[in-house]
$ cat coords13.cif   # mmCIF, C-alpha atoms and all ligand atoms
data_protein
loop_
_atom_site.label_atom_id
_atom_site.label_comp_id
_atom_site.auth_asym_id
_atom_site.auth_seq_id
_atom_site.Cartn_x
_atom_site.Cartn_y
_atom_site.Cartn_z
CA MET A 81 -49.33 144.24 26.98
CA ALA A 82 -50.23 146.16 23.84
CA ASN A 83 -47.42 145.60 21.37
CA ASN A 84 -47.11 149.28 20.52
CA VAL A 85 -45.87 150.09 24.02
CA ALA A 86 -42.08 150.29 24.34
CA ILE A 87 -41.90 150.98 28.07
CA ARG A 88 -44.53 150.48 30.70
CA THR A 89 -44.23 150.77 34.46
CA GLN A 90 -47.13 150.36 36.83
CA GLY A 91 -46.77 151.29 40.47
CA LEU A 92 -42.98 151.13 40.27
CA VAL A 93 -41.52 151.34 43.78
CA LYS A 94 -37.88 151.46 44.80
CA PHE A 95 -36.46 151.52 48.30
CA TYR A 96 -32.82 152.22 49.06
CA GLY A 97 -32.72 150.72 52.53
CA ASP A 98 -35.46 152.59 54.40
CA PHE A 99 -35.55 155.42 51.90
CA LYS A 100 -38.38 155.28 49.37
CA ALA A 101 -36.99 156.79 46.18
CA LEU A 102 -39.93 155.81 43.91
CA HIS A 103 -43.50 155.92 45.21
CA GLY A 104 -45.36 154.00 42.50
CA VAL A 105 -44.32 155.43 39.15
CA ASP A 106 -46.69 154.83 36.21
CA LEU A 107 -45.18 155.35 32.80
CA ASP A 108 -46.21 154.47 29.25
CA VAL A 109 -43.90 155.16 26.35
CA GLN A 110 -45.27 154.32 22.91
CA GLN A 111 -43.11 152.72 20.26
CA GLY A 112 -41.63 155.29 17.93
CA GLU A 113 -42.08 158.31 20.15
CA ILE A 114 -39.53 160.58 21.79
CA PHE A 115 -40.38 160.83 25.45
CA GLY A 116 -38.64 163.34 27.70
CA PHE A 117 -38.32 162.41 31.36
CA LEU A 118 -38.00 165.61 33.25
CA GLY A 119 -37.40 166.37 36.88
CA PRO A 120 -35.18 168.22 39.32
CA ASN A 121 -32.12 166.69 40.97
CA GLY A 122 -32.99 163.74 43.15
CA ALA A 123 -36.49 163.31 41.68
CA GLY A 124 -35.94 159.66 40.75
CA LYS A 125 -35.05 159.77 37.04
CA THR A 126 -31.88 157.67 37.30
CA THR A 127 -33.53 155.24 39.70
CA THR A 128 -36.43 154.70 37.28
CA ILE A 129 -34.08 154.19 34.34
CA ARG A 130 -31.95 151.69 36.26
CA CYS A 131 -35.07 149.72 37.14
CA LEU A 132 -36.04 149.64 33.45
CA LEU A 133 -32.80 147.81 32.69
CA ASP A 134 -32.74 145.91 35.98
CA LEU A 135 -29.37 147.45 36.80
CA ILE A 136 -30.96 147.73 40.22
CA HIS A 137 -33.82 145.51 41.38
CA ARG A 138 -37.12 147.23 41.85
CA SER A 139 -38.87 146.84 45.20
CA GLY A 140 -42.39 146.66 43.79
CA GLY A 141 -44.67 147.25 40.84
CA GLU A 142 -44.61 146.05 37.24
CA VAL A 143 -42.11 146.86 34.51
CA SER A 144 -42.17 145.89 30.87
CA VAL A 145 -39.57 146.98 28.32
CA LEU A 146 -40.13 145.88 24.72
CA GLY A 147 -42.57 143.36 26.11
CA ILE A 148 -40.08 141.81 28.53
CA ASP A 149 -39.94 142.08 32.30
CA PRO A 150 -36.31 143.16 32.80
CA GLN A 151 -36.17 141.32 36.12
CA ASP A 152 -36.94 138.03 34.31
CA ASP A 153 -34.44 138.54 31.50
CA PRO A 154 -32.18 141.57 31.90
CA GLU A 155 -29.79 140.46 29.14
CA ALA A 156 -32.62 140.22 26.60
CA VAL A 157 -33.67 143.79 27.39
CA GLN A 158 -30.13 145.16 27.47
CA ALA A 159 -29.33 143.54 24.10
CA ARG A 160 -32.14 145.48 22.43
CA VAL A 161 -31.60 148.81 24.13
CA GLY A 162 -29.00 151.50 23.53
CA TYR A 163 -28.38 152.78 27.03
CA MET A 164 -26.33 155.70 28.17
CA PRO A 165 -25.94 156.09 31.93
CA GLY A 166 -25.75 159.48 33.59
CA GLU A 167 -22.34 158.73 35.02
CA LEU A 168 -20.07 157.05 32.53
CA HIS A 169 -17.27 154.80 33.67
CA LEU A 170 -15.19 154.11 30.60
CA ASP A 171 -12.11 151.92 30.44
CA GLU A 172 -9.32 154.52 30.61
CA SER A 173 -6.69 152.16 29.20
CA LEU A 174 -8.32 152.16 25.74
CA THR A 175 -8.62 154.74 23.00
CA ALA A 176 -12.14 155.85 22.12
CA GLU A 177 -11.88 153.77 18.96
CA GLY A 178 -10.68 150.72 20.91
CA LEU A 179 -13.62 151.07 23.28
CA LEU A 180 -16.15 151.46 20.46
CA ARG A 181 -14.68 148.43 18.65
CA TYR A 182 -14.90 146.48 21.88
CA PHE A 183 -18.58 147.37 22.36
CA ASN A 184 -19.29 146.59 18.74
CA ALA A 185 -17.66 143.17 19.05
CA LEU A 186 -19.77 142.49 22.16
CA ARG A 187 -22.86 143.21 20.11
CA GLY A 188 -21.81 140.88 17.32
CA LYS A 189 -20.39 143.70 15.13
CA ARG A 190 -23.84 144.98 14.33
CA ALA A 191 -22.71 148.56 13.77
CA ASP A 192 -21.46 149.81 10.46
CA TRP A 193 -18.04 151.39 11.08
CA SER A 194 -18.70 154.21 8.62
CA TYR A 195 -21.75 155.16 10.73
CA ILE A 196 -19.62 155.17 13.88
CA SER A 197 -17.10 157.47 12.17
CA GLU A 198 -19.92 159.73 10.98
CA LEU A 199 -21.37 160.04 14.50
CA ALA A 200 -17.93 160.80 15.96
CA GLU A 201 -17.21 163.38 13.27
CA ARG A 202 -20.52 165.13 13.79
CA LEU A 203 -19.70 165.42 17.49
CA SER A 204 -16.12 166.56 16.74
CA LEU A 205 -14.81 163.58 18.67
CA ASP A 206 -11.29 162.37 17.88
CA ILE A 207 -11.64 158.63 18.44
CA LYS A 208 -7.88 158.04 18.13
CA ARG A 209 -7.28 159.63 21.52
CA PRO A 210 -6.93 157.63 24.72
CA ILE A 211 -10.03 157.83 26.93
CA ARG A 212 -7.90 158.97 29.88
CA ASN A 213 -6.89 162.12 27.95
CA LEU A 214 -10.45 163.08 27.05
CA SER A 215 -12.31 165.88 28.78
CA HIS A 216 -15.60 165.13 30.53
CA GLY A 217 -17.56 166.38 27.51
CA ASN A 218 -15.56 164.25 25.09
CA LYS A 219 -16.06 161.16 27.24
CA GLN A 220 -19.76 161.98 27.12
CA LYS A 221 -19.54 161.96 23.32
CA VAL A 222 -17.99 158.48 23.38
CA GLY A 223 -20.99 157.38 25.45
CA ILE A 224 -23.38 158.89 22.90
CA VAL A 225 -21.69 157.14 19.97
CA GLN A 226 -21.64 153.87 21.90
CA THR A 227 -25.38 154.21 22.59
CA LEU A 228 -26.50 155.05 19.07
CA MET A 229 -23.99 153.27 16.80
CA HIS A 230 -25.94 150.02 16.41
CA LYS A 231 -29.25 151.84 15.82
CA PRO A 232 -31.06 150.16 18.71
CA GLU A 233 -34.83 149.85 18.63
CA LEU A 234 -35.03 151.58 22.02
CA VAL A 235 -32.67 154.37 23.11
CA ILE A 236 -32.57 155.15 26.83
CA MET A 237 -30.32 158.01 27.86
CA ASP A 238 -29.83 159.52 31.29
CA GLU A 239 -29.10 163.24 30.84
CA PRO A 240 -27.33 162.76 27.49
CA THR A 241 -26.45 166.39 26.88
CA GLN A 242 -25.15 167.20 30.35
CA GLY A 243 -21.80 169.00 30.14
CA LEU A 244 -21.86 169.43 26.36
CA ASP A 245 -21.55 172.81 24.70
CA PRO A 246 -24.75 174.14 23.07
CA LEU A 247 -23.81 173.32 19.47
CA VAL A 248 -22.98 169.74 20.37
CA GLN A 249 -26.19 169.51 22.39
CA GLN A 250 -28.14 170.51 19.29
CA GLU A 251 -26.32 167.88 17.24
CA VAL A 252 -27.17 165.19 19.80
CA LEU A 253 -30.84 166.18 19.71
CA ARG A 254 -30.73 165.96 15.89
CA MET A 255 -29.25 162.47 16.18
CA LEU A 256 -32.07 161.41 18.47
CA LYS A 257 -34.62 162.74 15.96
CA GLU A 258 -32.87 160.76 13.22
CA GLN A 259 -32.94 157.57 15.29
CA GLN A 260 -36.67 158.13 15.72
CA ALA A 261 -37.10 158.66 11.97
CA GLU A 262 -35.54 155.25 11.48
CA GLY A 263 -38.11 153.69 13.78
CA ALA A 264 -36.49 153.86 17.22
CA THR A 265 -38.20 154.83 20.45
CA VAL A 266 -36.26 157.39 22.46
CA PHE A 267 -36.57 157.85 26.21
CA PHE A 268 -34.25 160.42 27.73
CA SER A 269 -34.02 162.22 31.01
CA SER A 270 -33.13 165.82 31.46
CA HIS A 271 -33.63 168.75 33.72
CA ILE A 272 -33.39 171.24 30.87
CA MET A 273 -36.93 172.11 29.77
CA SER A 274 -35.97 173.75 26.49
CA GLU A 275 -34.22 170.70 25.09
CA VAL A 276 -37.07 168.42 26.06
CA GLU A 277 -39.55 170.82 24.54
CA SER A 278 -37.61 170.97 21.28
CA ILE A 279 -37.76 167.26 20.44
CA ALA A 280 -40.08 165.33 22.75
CA GLU A 281 -43.66 164.56 21.73
CA ARG A 282 -44.51 163.89 25.33
CA VAL A 283 -42.90 164.69 28.61
CA GLY A 284 -43.29 163.05 31.97
CA ILE A 285 -42.51 165.17 34.98
CA ILE A 286 -41.25 163.37 38.06
CA ARG A 287 -40.81 164.98 41.43
CA GLY A 288 -40.10 163.35 44.78
CA GLY A 289 -40.39 159.86 43.24
CA ARG A 290 -43.88 160.53 41.87
CA MET A 291 -45.04 161.32 38.33
CA VAL A 292 -46.79 164.65 38.57
CA GLU A 293 -47.81 164.99 34.94
CA VAL A 294 -47.47 163.43 31.53
CA ALA A 295 -48.29 165.80 28.72
CA ASP A 296 -47.52 167.19 25.32
CA PRO A 297 -45.09 170.07 25.96
CA ARG A 298 -47.14 172.29 23.64
CA THR A 299 -50.36 171.85 25.63
CA LEU A 300 -48.50 172.50 28.87
CA GLY A 301 -47.29 175.80 27.50
CA ALA A 302 -50.71 176.70 26.16
CA ARG A 303 -52.49 176.29 29.51
CA GLY A 304 -54.81 179.13 30.32
CA LEU A 305 -52.32 181.06 32.33
CA HIS A 306 -51.85 184.72 31.56
CA ARG A 307 -50.09 187.58 33.22
CA ALA A 308 -51.47 191.06 32.74
CA ARG A 309 -50.15 194.51 33.55
CA VAL A 310 -52.90 197.11 33.79
CA ARG A 311 -52.43 200.87 34.22
CA PHE A 312 -55.38 202.91 35.49
CA ILE A 313 -55.83 206.65 35.19
CA ASP A 314 -57.32 206.83 38.71
CA SER A 315 -56.50 204.65 41.66
CA VAL A 316 -58.80 201.58 41.84
CA ASP A 317 -59.85 199.22 44.62
CA VAL A 318 -57.59 196.28 43.78
CA SER A 319 -59.55 193.88 45.99
CA LYS A 320 -62.36 193.97 43.37
CA LEU A 321 -59.94 192.50 40.85
CA SER A 322 -58.52 189.94 43.24
CA ARG A 323 -62.04 188.64 43.93
CA LEU A 324 -62.40 187.58 40.28
CA LYS A 325 -62.11 183.84 39.68
CA GLY A 326 -58.55 182.74 38.90
CA VAL A 327 -57.00 186.16 39.50
CA GLU A 328 -54.01 186.64 41.75
CA ILE A 329 -52.46 190.07 42.24
CA LEU A 330 -48.70 189.77 41.92
CA SER A 331 -47.92 193.41 42.64
CA GLN A 332 -49.59 196.80 42.59
CA ASP A 333 -48.63 200.41 42.90
CA ASN A 334 -51.24 202.56 44.72
CA GLY A 335 -54.04 200.90 42.78
CA GLN A 336 -52.79 202.56 39.62
CA GLU A 337 -50.50 199.94 38.16
CA VAL A 338 -51.48 196.33 38.79
CA TYR A 339 -49.59 193.22 37.75
CA LEU A 340 -51.69 190.10 38.00
CA GLU A 341 -51.80 186.45 37.07
CA LEU A 342 -54.93 184.91 35.65
CA GLU A 343 -55.77 181.25 35.32
CA GLY A 344 -58.73 180.47 33.08
CA GLU A 345 -61.01 182.75 31.10
CA ILE A 346 -59.86 186.32 30.46
CA ASP A 347 -63.35 187.67 29.64
CA PRO A 348 -64.55 188.40 33.23
CA LEU A 349 -61.36 190.38 33.84
CA ILE A 350 -61.87 192.45 30.68
CA LYS A 351 -65.49 193.18 31.72
CA GLU A 352 -64.34 194.28 35.18
CA LEU A 353 -61.58 196.48 33.73
CA ALA A 354 -64.10 198.12 31.43
CA LYS A 355 -65.63 199.80 34.49
CA TYR A 356 -62.49 201.91 34.94
CA LYS A 357 -60.43 204.32 32.87
CA VAL A 358 -57.55 202.20 31.67
CA SER A 359 -54.45 203.80 30.15
CA GLY A 360 -52.47 200.64 29.45
CA PHE A 361 -53.04 196.89 29.20
CA GLU A 362 -50.47 194.26 28.32
CA THR A 363 -50.74 190.51 28.61
CA GLU A 364 -48.05 187.90 28.45
CA ARG A 365 -47.94 184.14 28.75
CA PRO A 366 -45.47 182.52 31.10
CA SER A 367 -42.79 180.50 29.33
CA LEU A 368 -42.91 176.73 29.32
CA GLU A 369 -39.95 176.91 31.66
CA GLU A 370 -42.02 178.78 34.23
CA VAL A 371 -44.84 176.26 33.86
CA PHE A 372 -42.40 173.45 34.61
CA LEU A 373 -40.85 175.32 37.51
CA ALA A 374 -44.30 175.75 38.99
CA TYR A 375 -44.61 171.94 38.91
CA TYR A 376 -41.25 171.53 40.54
CA GLU A 377 -42.02 173.96 43.30
CA ASN A 378 -45.61 173.16 44.20
P1 LIG A 401 -30.28 163.82 39.27
O1 LIG A 401 -30.94 164.71 38.26
O2 LIG A 401 -29.62 164.60 40.35
O3 LIG A 401 -29.41 162.75 38.69
P2 LIG A 401 -32.42 161.86 39.69
O4 LIG A 401 -33.77 162.39 39.36
O5 LIG A 401 -31.75 161.00 38.70
O6 LIG A 401 -31.48 163.07 40.08
P3 LIG A 401 -32.04 159.66 41.53
O7 LIG A 401 -30.57 159.57 41.32
O8 LIG A 401 -32.89 158.61 40.94
O9 LIG A 401 -32.56 161.09 41.09
O10 LIG A 401 -32.28 159.71 43.09
C1 LIG A 401 -33.59 159.67 43.66
C2 LIG A 401 -33.44 159.69 45.19
O11 LIG A 401 -32.86 158.47 45.62
C3 LIG A 401 -32.55 160.81 45.69
O12 LIG A 401 -33.09 161.27 46.90
C4 LIG A 401 -31.23 160.11 45.94
O13 LIG A 401 -30.50 160.74 46.97
C5 LIG A 401 -31.66 158.72 46.35
N1 LIG A 401 -30.67 157.69 45.96
C6 LIG A 401 -30.21 157.45 44.72
N2 LIG A 401 -29.35 156.43 44.71
C7 LIG A 401 -29.24 156.00 46.00
C8 LIG A 401 -28.52 154.96 46.66
N3 LIG A 401 -27.72 154.15 45.98
N4 LIG A 401 -28.68 154.84 47.99
C9 LIG A 401 -29.50 155.66 48.67
N5 LIG A 401 -30.23 156.64 48.12
C10 LIG A 401 -30.10 156.82 46.81
#
$ encode --input "coords13.cif" --output "structure tokens" --more "lines below"
Ligand code: ATP
Amino acid sequence: MANNVAIRTQGLVKFYGDFKALHGVDLDVQQGEIFGFLGPNGAGKTTTIRCLLDLIHRSGGEVSVLGIDPQDDPEAVQARVGYMPGELHLDESLTAEGLLRYFNALRGKRADWSYISELAERLSLDIKRPIRNLSHGNKQKVGIVQTLMHKPELVIMDEPTQGLDPLVQQEVLRMLKEQQAEGATVFFSSHIMSEVESIAERVGIIRGGRMVEVADPRTLGARGLHRARVRFIDSVDVSKLSRLKGVEILSQDNGQEVYLELEGEIDPLIKELAKYKVSGFETERPSLEEVFLAYYEN
């Protein structure tokens, strides 16, 4: 394995009984990058992440995390990874501070306590409070501090910002960027496109247990997809427009106002429109969110 690869899966398969949750997932995450793992509910994000840490045994395929097969040596992988599960089960009998001290002791007191306090403060988390009295969002913050406090070389988080208010979400994303700046690789799942877009260099989209795309979020958004609204002075034969390559008519009003989607070159459309008297022409690009939704739906 190339030593600049932090996570690699090849043909990763997972069955739960007869149900095939992963159908051969291929994934490459480079060291030092922030990789967003995006997909709708039930797509297989949590299952993939659990296989990376061997919290569940995979049914087939190859997995390498920091050069180690987690099935051969799960402890070695888990010791080098900061992992935050999607569903946290924290010991309710402890305070947040007690829990963080406990985790730090388990890791050989690698974390600097002033850094732990700084993370908690930035998240407005009162670590003196018992876990059982914390709201869902505050428990989530304990999980985030626990994951990042020892500055692991690989951060794996399953929906880290779920249930947090927007300002705290932004702070968490900043923390992930900072971990990256210090040399960490960050792999996090989400179903919120905007947060993935804001920090990830690459995103992998999983749907139905299959990777449908791995791309730079900027190139996904810049795909040659346009929408255009055209107003004609006289009614036109809309079928002439719909015959153009890549054009789909979304709606029209008596051949006078046409709303269409265009994939590919815009020039043939402009040339066709030039044959008519046009009183209005506006184009727009679909948002990245719509591009992702199209992946989810198709
Ligand atoms: P979400 O965003 O809702 O957390 P996800 O992308 O993380 O979804 P997974 O939790 O990995 O999805 O689930 C993938 C599929 O596997 C789903 O159809 C789910 O119902 C199924 N699944 C997950 N865990 C189990 C299990 N323990 N037993 C049986 N099926 C399971």
$ closest_residue --input "coords13.cif" --among "A:Leu179, A:Ala156, A:Leu244, A:Val93" --to "Gly141 in chain A" --atoms "only C-alpha atoms"
A:Val93
$ residues_near_point --input "coords13.cif" --point "(-20.1, 151.8, 10.5)" --cutoff "12 Å" --atoms "all atoms listed in the file" --output "ChimeraX atom specification"
/A:177,180-181,184,189-200,225-226,228-231
$ closest_residue --input "coords13.cif" --among "A:Gly326, A:Gly344, A:Gly104, A:Pro165" --to "ligand LIG 401 (chain A)" --atoms "only C-alpha atoms and all ligand atoms"
A:Pro165
$ residues_near_ligand --input "coords13.cif" --ligand "ligand LIG 401 (chain A)" --cutoff "6 Å" --atoms "all atoms listed in the file" --output "MDAnalysis selection string"
chainID A and resid 96 101 119:127
$ closest_residue --input "coords13.cif" --among "A:Pro240, A:Gly188, A:Pro246, A:Pro154" --to "Phe267 in chain A" --atoms "all atoms listed in the file"
A:Pro240
$ closest_residue --input "coords13.cif" --among "A:Asp206, A:Glu337, A:Leu146, A:Asp347" --to "Phe361 in chain A" --atoms "all atoms listed in the file"
A:Glu337
$ closest_residue --input "coords13.cif" --among "A:Met291, A:Thr227, A:Arg138, A:Arg209" --to "Arg160 in chain A" --atoms "all atoms listed in the file"
A:Thr227
$ closest_residue --input "coords13.cif" --among "A:Ile114, A:Tyr339, A:Pro232, A:Gly288" --to "Glu275 in chain A" --atoms "all atoms listed in the file"
A:Ile114
$ residues_near_point --input "coords13.cif" --point "(-41.5, 166.6, 37.3)" --cutoff "7 Å" --atoms "all atoms listed in the file" --output "list in words"
Leu118, Gly119, Pro120, Gly284, Ile285, Ile286, Arg287, Met291, Val292, Glu293, Tyr375 and Tyr376 of chain A
$ atom_distance --input "coords13.cif" --atom1 "CA of Arg282 in chain A" --atom2 "CA of Asp108 in chain A"
10.3 Å
$ atom_distance --input "coords13.cif" --atom1 "CA of Tyr163 in chain A" --atom2 "CA of Val235 in chain A"
6.0 Å
$ residues_around --input "coords13.cif" --residues "Asn84 in chain A" --least-positions-apart "6" --cutoff "10 Å" --atoms "only C-alpha atoms" --output "list of chain:residue names"
A:Val109, A:Gln110, A:Gln111, A:Gly112, A:Leu146, A:Gly147
$ atom_distance --input "coords13.cif" --atom1 "CA of Val316 in chain A" --atom2 "CA of Glu352 in chain A"
11.3 Å
$ residues_around --input "coords13.cif" --residues "Val358 in chain A" --least-positions-apart "6" --cutoff "7 Å" --atoms "all atoms listed in the file" --output "list in words"
Arg311, Phe312 and Ile313 of chain A
$ build_atoms --input "coords13.cif" --residues "range 338-349 of chain A" --atoms "all heavy atoms" --output "PDB file, in the frame of the given file"
ATOM      1  N   VAL A 338     -51.228 197.646  38.180  1.00  0.00           N
ATOM      2  CA  VAL A 338     -51.480 196.330  38.790  1.00  0.00           C
ATOM      3  C   VAL A 338     -50.898 195.258  37.882  1.00  0.00           C
ATOM      4  O   VAL A 338     -51.120 195.267  36.665  1.00  0.00           O
ATOM      5  CB  VAL A 338     -53.008 196.092  38.963  1.00  0.00           C
ATOM      6  CG1 VAL A 338     -53.268 194.720  39.558  1.00  0.00           C
ATOM      7  CG2 VAL A 338     -53.628 197.181  39.825  1.00  0.00           C
ATOM      8  N   TYR A 339     -50.155 194.342  38.496  1.00  0.00           N
ATOM      9  CA  TYR A 339     -49.590 193.220  37.750  1.00  0.00           C
ATOM     10  C   TYR A 339     -50.243 191.972  38.313  1.00  0.00           C
ATOM     11  O   TYR A 339     -50.186 191.719  39.522  1.00  0.00           O
ATOM     12  CB  TYR A 339     -48.075 193.204  37.952  1.00  0.00           C
ATOM     13  CG  TYR A 339     -47.335 192.182  37.127  1.00  0.00           C
ATOM     14  CD1 TYR A 339     -47.623 192.000  35.779  1.00  0.00           C
ATOM     15  CD2 TYR A 339     -46.314 191.420  37.684  1.00  0.00           C
ATOM     16  CE1 TYR A 339     -46.929 191.074  35.015  1.00  0.00           C
ATOM     17  CE2 TYR A 339     -45.616 190.491  36.926  1.00  0.00           C
ATOM     18  CZ  TYR A 339     -45.925 190.327  35.597  1.00  0.00           C
ATOM     19  OH  TYR A 339     -45.239 189.414  34.840  1.00  0.00           O
ATOM     20  N   LEU A 340     -50.923 191.220  37.472  1.00  0.00           N
ATOM     21  CA  LEU A 340     -51.690 190.100  38.000  1.00  0.00           C
ATOM     22  C   LEU A 340     -51.501 188.842  37.153  1.00  0.00           C
ATOM     23  O   LEU A 340     -51.074 188.900  36.006  1.00  0.00           O
ATOM     24  CB  LEU A 340     -53.174 190.464  38.100  1.00  0.00           C
ATOM     25  CG  LEU A 340     -53.906 190.927  36.830  1.00  0.00           C
ATOM     26  CD1 LEU A 340     -54.367 189.763  35.990  1.00  0.00           C
ATOM     27  CD2 LEU A 340     -55.112 191.768  37.231  1.00  0.00           C
ATOM     28  N   GLU A 341     -51.829 187.721  37.780  1.00  0.00           N
ATOM     29  CA  GLU A 341     -51.800 186.450  37.070  1.00  0.00           C
ATOM     30  C   GLU A 341     -53.227 185.936  36.986  1.00  0.00           C
ATOM     31  O   GLU A 341     -53.997 186.087  37.927  1.00  0.00           O
ATOM     32  CB  GLU A 341     -50.932 185.453  37.843  1.00  0.00           C
ATOM     33  CG  GLU A 341     -50.594 184.225  37.030  1.00  0.00           C
ATOM     34  CD  GLU A 341     -49.448 183.455  37.675  1.00  0.00           C
ATOM     35  OE1 GLU A 341     -49.738 182.637  38.555  1.00  0.00           O
ATOM     36  OE2 GLU A 341     -48.292 183.693  37.299  1.00  0.00           O
ATOM     37  N   LEU A 342     -53.553 185.361  35.860  1.00  0.00           N
ATOM     38  CA  LEU A 342     -54.930 184.910  35.650  1.00  0.00           C
ATOM     39  C   LEU A 342     -54.916 183.484  35.136  1.00  0.00           C
ATOM     40  O   LEU A 342     -54.250 183.171  34.145  1.00  0.00           O
ATOM     41  CB  LEU A 342     -55.581 185.809  34.593  1.00  0.00           C
ATOM     42  CG  LEU A 342     -56.903 185.317  34.016  1.00  0.00           C
ATOM     43  CD1 LEU A 342     -58.013 185.469  35.041  1.00  0.00           C
ATOM     44  CD2 LEU A 342     -57.248 186.085  32.755  1.00  0.00           C
ATOM     45  N   GLU A 343     -55.645 182.614  35.807  1.00  0.00           N
ATOM     46  CA  GLU A 343     -55.770 181.250  35.320  1.00  0.00           C
ATOM     47  C   GLU A 343     -57.208 181.059  34.861  1.00  0.00           C
ATOM     48  O   GLU A 343     -58.134 181.280  35.617  1.00  0.00           O
ATOM     49  CB  GLU A 343     -55.417 180.259  36.440  1.00  0.00           C
ATOM     50  CG  GLU A 343     -55.215 178.888  35.862  1.00  0.00           C
ATOM     51  CD  GLU A 343     -54.517 177.927  36.809  1.00  0.00           C
ATOM     52  OE1 GLU A 343     -54.178 178.344  37.932  1.00  0.00           O
ATOM     53  OE2 GLU A 343     -54.339 176.785  36.400  1.00  0.00           O
ATOM     54  N   GLY A 344     -57.379 180.684  33.604  1.00  0.00           N
ATOM     55  CA  GLY A 344     -58.730 180.470  33.080  1.00  0.00           C
ATOM     56  C   GLY A 344     -59.135 181.567  32.118  1.00  0.00           C
ATOM     57  O   GLY A 344     -58.302 182.197  31.474  1.00  0.00           O
ATOM     58  N   GLU A 345     -60.443 181.817  32.072  1.00  0.00           N
ATOM     59  CA  GLU A 345     -61.010 182.750  31.100  1.00  0.00           C
ATOM     60  C   GLU A 345     -60.580 184.198  31.360  1.00  0.00           C
ATOM     61  O   GLU A 345     -60.588 184.650  32.515  1.00  0.00           O
ATOM     62  CB  GLU A 345     -62.545 182.714  31.215  1.00  0.00           C
ATOM     63  CG  GLU A 345     -63.162 181.406  30.799  1.00  0.00           C
ATOM     64  CD  GLU A 345     -63.124 181.240  29.301  1.00  0.00           C
ATOM     65  OE1 GLU A 345     -63.691 182.097  28.598  1.00  0.00           O
ATOM     66  OE2 GLU A 345     -62.509 180.266  28.831  1.00  0.00           O
ATOM     67  N   ILE A 346     -60.296 184.922  30.284  1.00  0.00           N
ATOM     68  CA  ILE A 346     -59.860 186.320  30.460  1.00  0.00           C
ATOM     69  C   ILE A 346     -61.067 187.276  30.416  1.00  0.00           C
ATOM     70  O   ILE A 346     -61.006 188.403  30.899  1.00  0.00           O
ATOM     71  CB  ILE A 346     -58.813 186.685  29.384  1.00  0.00           C
ATOM     72  CG1 ILE A 346     -58.018 187.922  29.808  1.00  0.00           C
ATOM     73  CG2 ILE A 346     -59.437 186.864  27.993  1.00  0.00           C
ATOM     74  CD1 ILE A 346     -56.761 188.155  29.005  1.00  0.00           C
ATOM     75  N   ASP A 347     -62.201 186.787  29.872  1.00  0.00           N
ATOM     76  CA  ASP A 347     -63.350 187.670  29.640  1.00  0.00           C
ATOM     77  C   ASP A 347     -63.859 188.393  30.904  1.00  0.00           C
ATOM     78  O   ASP A 347     -64.068 189.609  30.874  1.00  0.00           O
ATOM     79  CB  ASP A 347     -64.476 186.861  28.971  1.00  0.00           C
ATOM     80  CG  ASP A 347     -65.560 187.759  28.460  1.00  0.00           C
ATOM     81  OD1 ASP A 347     -65.235 188.670  27.665  1.00  0.00           O
ATOM     82  OD2 ASP A 347     -66.722 187.594  28.877  1.00  0.00           O
ATOM     83  N   PRO A 348     -64.056 187.690  32.040  1.00  0.00           N
ATOM     84  CA  PRO A 348     -64.550 188.400  33.230  1.00  0.00           C
ATOM     85  C   PRO A 348     -63.605 189.527  33.666  1.00  0.00           C
ATOM     86  O   PRO A 348     -64.067 190.578  34.136  1.00  0.00           O
ATOM     87  CB  PRO A 348     -64.599 187.307  34.311  1.00  0.00           C
ATOM     88  CG  PRO A 348     -64.670 186.024  33.553  1.00  0.00           C
ATOM     89  CD  PRO A 348     -63.907 186.250  32.281  1.00  0.00           C
ATOM     90  N   LEU A 349     -62.319 189.333  33.468  1.00  0.00           N
ATOM     91  CA  LEU A 349     -61.360 190.380  33.840  1.00  0.00           C
ATOM     92  C   LEU A 349     -61.546 191.597  32.935  1.00  0.00           C
ATOM     93  O   LEU A 349     -61.599 192.739  33.409  1.00  0.00           O
ATOM     94  CB  LEU A 349     -59.924 189.831  33.714  1.00  0.00           C
ATOM     95  CG  LEU A 349     -58.827 190.869  33.935  1.00  0.00           C
ATOM     96  CD1 LEU A 349     -58.800 191.341  35.391  1.00  0.00           C
ATOM     97  CD2 LEU A 349     -57.451 190.312  33.537  1.00  0.00           C
TER      98      LEU A 349
END
